[in-house]
Amino acid sequence: NAGVTQTPKFRILKIGQSMTLQCTQDMNHNYMYWYRQDPGMGLKLIYYSVGAGITDKGEVPNGYNVSRSTTEDFPLRLELAAPSQTSVYFCASSYGHTNEKLFFGSGTQLSVL
Amino acid sequence: RKEVEQDPGPFNVPEGATVAFNCTYSNSASQSFFWYRQDCRKEPKLLMSVYSSGNEDGRFTAQLNRASQYISLLIRDSKLSDSATYLCVVNVMVANNNAGNMLTFGGGTRLMVKP
């Protein structure tokens, strides 16, 4: 199993550009999450999904969108990149809400200049 | 007040030392508690869950104090490889919330073990 795979690992965007961060998992997990981590800070939940076709906002959803068309994939879309979105983004998955062990992808370092 | 608060450190300790971190949480309804480890520029990985009666995994001991709303992590006989950031994570089950698994992360405590 590859686990949770995120791409790209690094990206530099100009203000106003858009991009999609890809996330896929091969563990047949129902729950998937997107977090951002700013320097010296904890992870903050952006969006989550409890299964294909179902998504919901987390703590910091503004400026982002997600979709969950399949169990495996959970892409994160930035429509109009802003400097405040410079961060490290982690995708994660878990089997269900009673299994709190999260499996994380290796992260995407995003800079918006 | 932050929901989950940790001393950012760094804690600089020599090899073989015993070191302890505390983490306080603000929501008394919190139900599950965890310690994750994060190496520099890497993803977090679950180190251990924290049970009400306290639990041990090798050199690591985790304890929960519900009355004072804090959890702790004790590392005995520190190794160079223990150098990392330790994230305190708290789960609050939110009613009518599909996620259920709403984890709140602390900012982490950085540990540096020196030879």
# chains A, B, ... in the order shown; residues from 1 in each chain; ligands from 1

call {"tool": "interface_residues", "arguments": {"of": "chain A", "to": "chain B", "cutoff": "12 Å", "atoms": "only C-alpha atoms", "output": "number ranges by chain"}}
result
A: 4-6, 9-10, 30-51, 54-59, 87-109

call {"tool": "residues_around", "arguments": {"residues": "Ile15 (chain A)", "least_positions_apart": "3", "cutoff": "6 Å", "atoms": "only C-alpha atoms", "output": "MDAnalysis selection string"}}
result
chainID A and resid 81:82 113

call {"tool": "atom_distance", "arguments": {"atom1": "CA of Gly58 (chain B)", "atom2": "CA of Arg76 (chain B)"}}
result
8.8 Å

call {"tool": "select_by_dssp", "arguments": {"residues": "chain B", "states": "strand (DSSP E or B)", "output": "number ranges by chain"}}
result
B: 4-6, 11-14, 19-25, 32-38, 44-50, 55-57, 60-65, 70-75, 84-91, 103-105, 109-114

call {"tool": "atom_distance", "arguments": {"atom1": "CA of Cys40 (chain B)", "atom2": "CA of Leu80 (chain A)"}}
result
29.1 Å

call {"tool": "residues_around", "arguments": {"residues": "Ser28 (chain B)", "least_positions_apart": "3", "cutoff": "10 Å", "atoms": "only C-alpha atoms", "output": "list of chain:residue names"}}
result
B:Tyr25, B:Gln31, B:Arg66, B:Ala67, B:Ser68, B:Gln69, B:Val92

call {"tool": "write_last_selection", "arguments": {"atoms": "N, CA, C and O atoms", "output": "PDB file, in the first residue's frame"}}
result
ATOM      1  N   TYR B  25      -5.771  21.540  27.679  1.00  0.00           N
ATOM      2  CA  TYR B  25      -6.876  21.685  26.741  1.00  0.00           C
ATOM      3  C   TYR B  25      -8.016  22.397  27.441  1.00  0.00           C
ATOM      4  O   TYR B  25      -8.195  22.294  28.663  1.00  0.00           O
ATOM      5  N   GLN B  31     -12.742  14.065  24.652  1.00  0.00           N
ATOM      6  CA  GLN B  31     -12.927  12.658  24.968  1.00  0.00           C
ATOM      7  C   GLN B  31     -11.726  11.783  24.663  1.00  0.00           C
ATOM      8  O   GLN B  31     -11.528  10.765  25.309  1.00  0.00           O
ATOM      9  N   ARG B  66      -7.928  14.654  33.897  1.00  0.00           N
ATOM     10  CA  ARG B  66      -9.165  15.303  33.454  1.00  0.00           C
ATOM     11  C   ARG B  66      -9.547  16.477  34.360  1.00  0.00           C
ATOM     12  O   ARG B  66     -10.075  17.476  33.889  1.00  0.00           O
ATOM     13  N   ALA B  67      -9.288  16.341  35.638  1.00  0.00           N
ATOM     14  CA  ALA B  67      -9.681  17.400  36.574  1.00  0.00           C
ATOM     15  C   ALA B  67      -8.966  18.713  36.244  1.00  0.00           C
ATOM     16  O   ALA B  67      -9.563  19.785  36.282  1.00  0.00           O
ATOM     17  N   SER B  68      -7.695  18.606  35.916  1.00  0.00           N
ATOM     18  CA  SER B  68      -6.911  19.795  35.592  1.00  0.00           C
ATOM     19  C   SER B  68      -6.813  20.032  34.089  1.00  0.00           C
ATOM     20  O   SER B  68      -6.180  20.996  33.662  1.00  0.00           O
ATOM     21  N   GLN B  69      -7.387  19.149  33.314  1.00  0.00           N
ATOM     22  CA  GLN B  69      -7.443  19.283  31.857  1.00  0.00           C
ATOM     23  C   GLN B  69      -6.059  19.388  31.246  1.00  0.00           C
ATOM     24  O   GLN B  69      -5.747  20.359  30.526  1.00  0.00           O
ATOM     25  N   VAL B  92     -12.743  16.170  20.215  1.00  0.00           N
ATOM     26  CA  VAL B  92     -14.025  16.502  20.823  1.00  0.00           C
ATOM     27  C   VAL B  92     -15.107  15.996  19.895  1.00  0.00           C
ATOM     28  O   VAL B  92     -15.181  16.402  18.740  1.00  0.00           O
TER      29      VAL B  92
END

call {"tool": "residues_around", "arguments": {"residues": "region 69-72 of chain A", "least_positions_apart": "6", "cutoff": "8 Å", "atoms": "only C-alpha atoms", "output": "JSON, numbers by chain"}}
result
{"A": [24, 25, 26, 28, 29, 30, 51, 52, 53]}

call {"tool": "residues_around", "arguments": {"residues": "Val113 (chain B)", "least_positions_apart": "2", "cutoff": "12 Å", "atoms": "only C-alpha atoms", "output": "ChimeraX atom specification"}}
result
/B:10-19,75-85,110-111,115

call {"tool": "write_last_selection", "arguments": {"atoms": "C-alpha atoms", "output": "mmCIF file, in the first residue's frame"}}
result
data_model
loop_
_atom_site.group_PDB
_atom_site.id
_atom_site.type_symbol
_atom_site.label_atom_id
_atom_site.label_comp_id
_atom_site.auth_asym_id
_atom_site.auth_seq_id
_atom_site.Cartn_x
_atom_site.Cartn_y
_atom_site.Cartn_z
ATOM 1 C CA PRO B 10 12.812 23.816 22.457
ATOM 2 C CA PHE B 11 13.671 21.379 25.200
ATOM 3 C CA ASN B 12 17.385 20.672 24.925
ATOM 4 C CA VAL B 13 18.359 17.530 26.826
ATOM 5 C CA PRO B 14 21.391 15.231 26.855
ATOM 6 C CA GLU B 15 21.153 11.638 25.721
ATOM 7 C CA GLY B 16 19.855 9.406 28.471
ATOM 8 C CA ALA B 17 17.892 12.154 30.191
ATOM 9 C CA THR B 18 14.248 11.968 31.161
ATOM 10 C CA VAL B 19 12.059 14.720 29.764
ATOM 11 C CA ILE B 75 10.279 10.122 27.671
ATOM 12 C CA ARG B 76 12.863 8.108 29.581
ATOM 13 C CA ASP B 77 16.426 7.419 28.477
ATOM 14 C CA SER B 78 16.248 9.940 25.622
ATOM 15 C CA LYS B 79 17.827 8.945 22.320
ATOM 16 C CA LEU B 80 19.168 11.199 19.584
ATOM 17 C CA SER B 81 16.396 9.804 17.387
ATOM 18 C CA ASP B 82 13.768 11.205 19.760
ATOM 19 C CA SER B 83 14.576 14.699 18.474
ATOM 20 C CA ALA B 84 11.340 15.896 16.902
ATOM 21 C CA THR B 85 8.278 18.011 17.571
ATOM 22 C CA ARG B 110 10.191 20.746 20.047
ATOM 23 C CA LEU B 111 12.647 18.324 21.613
ATOM 24 C CA PRO B 115 25.012 13.711 22.391
#

call {"tool": "residues_around", "arguments": {"residues": "Lys14 (chain A)", "least_positions_apart": "4", "cutoff": "12 Å", "atoms": "only C-alpha atoms", "output": "list in words"}}
result
Ser18, Met19, Leu78, Glu79, Leu80, Ala81, Ala82, Pro83, Gln85, Thr86, Leu110, Ser111, Val112 and Leu113 of chain A

call {"tool": "closest_residue", "arguments": {"among": "B:Ser53, B:Phe21, B:Ser26, B:Lys114", "to": "Asn65 (chain B)", "atoms": "only C-alpha atoms"}}
result
B:Ser53

call {"tool": "closest_residue", "arguments": {"among": "A:Ser67, A:Met27, A:Ser84, A:Leu76", "to": "Thr7 (chain A)", "atoms": "only C-alpha atoms"}}
result
A:Leu76

call {"tool": "atom_distance", "arguments": {"atom1": "CA of Pro61 (chain A)", "atom2": "CA of Ala29 (chain B)"}}
result
24.2 Å
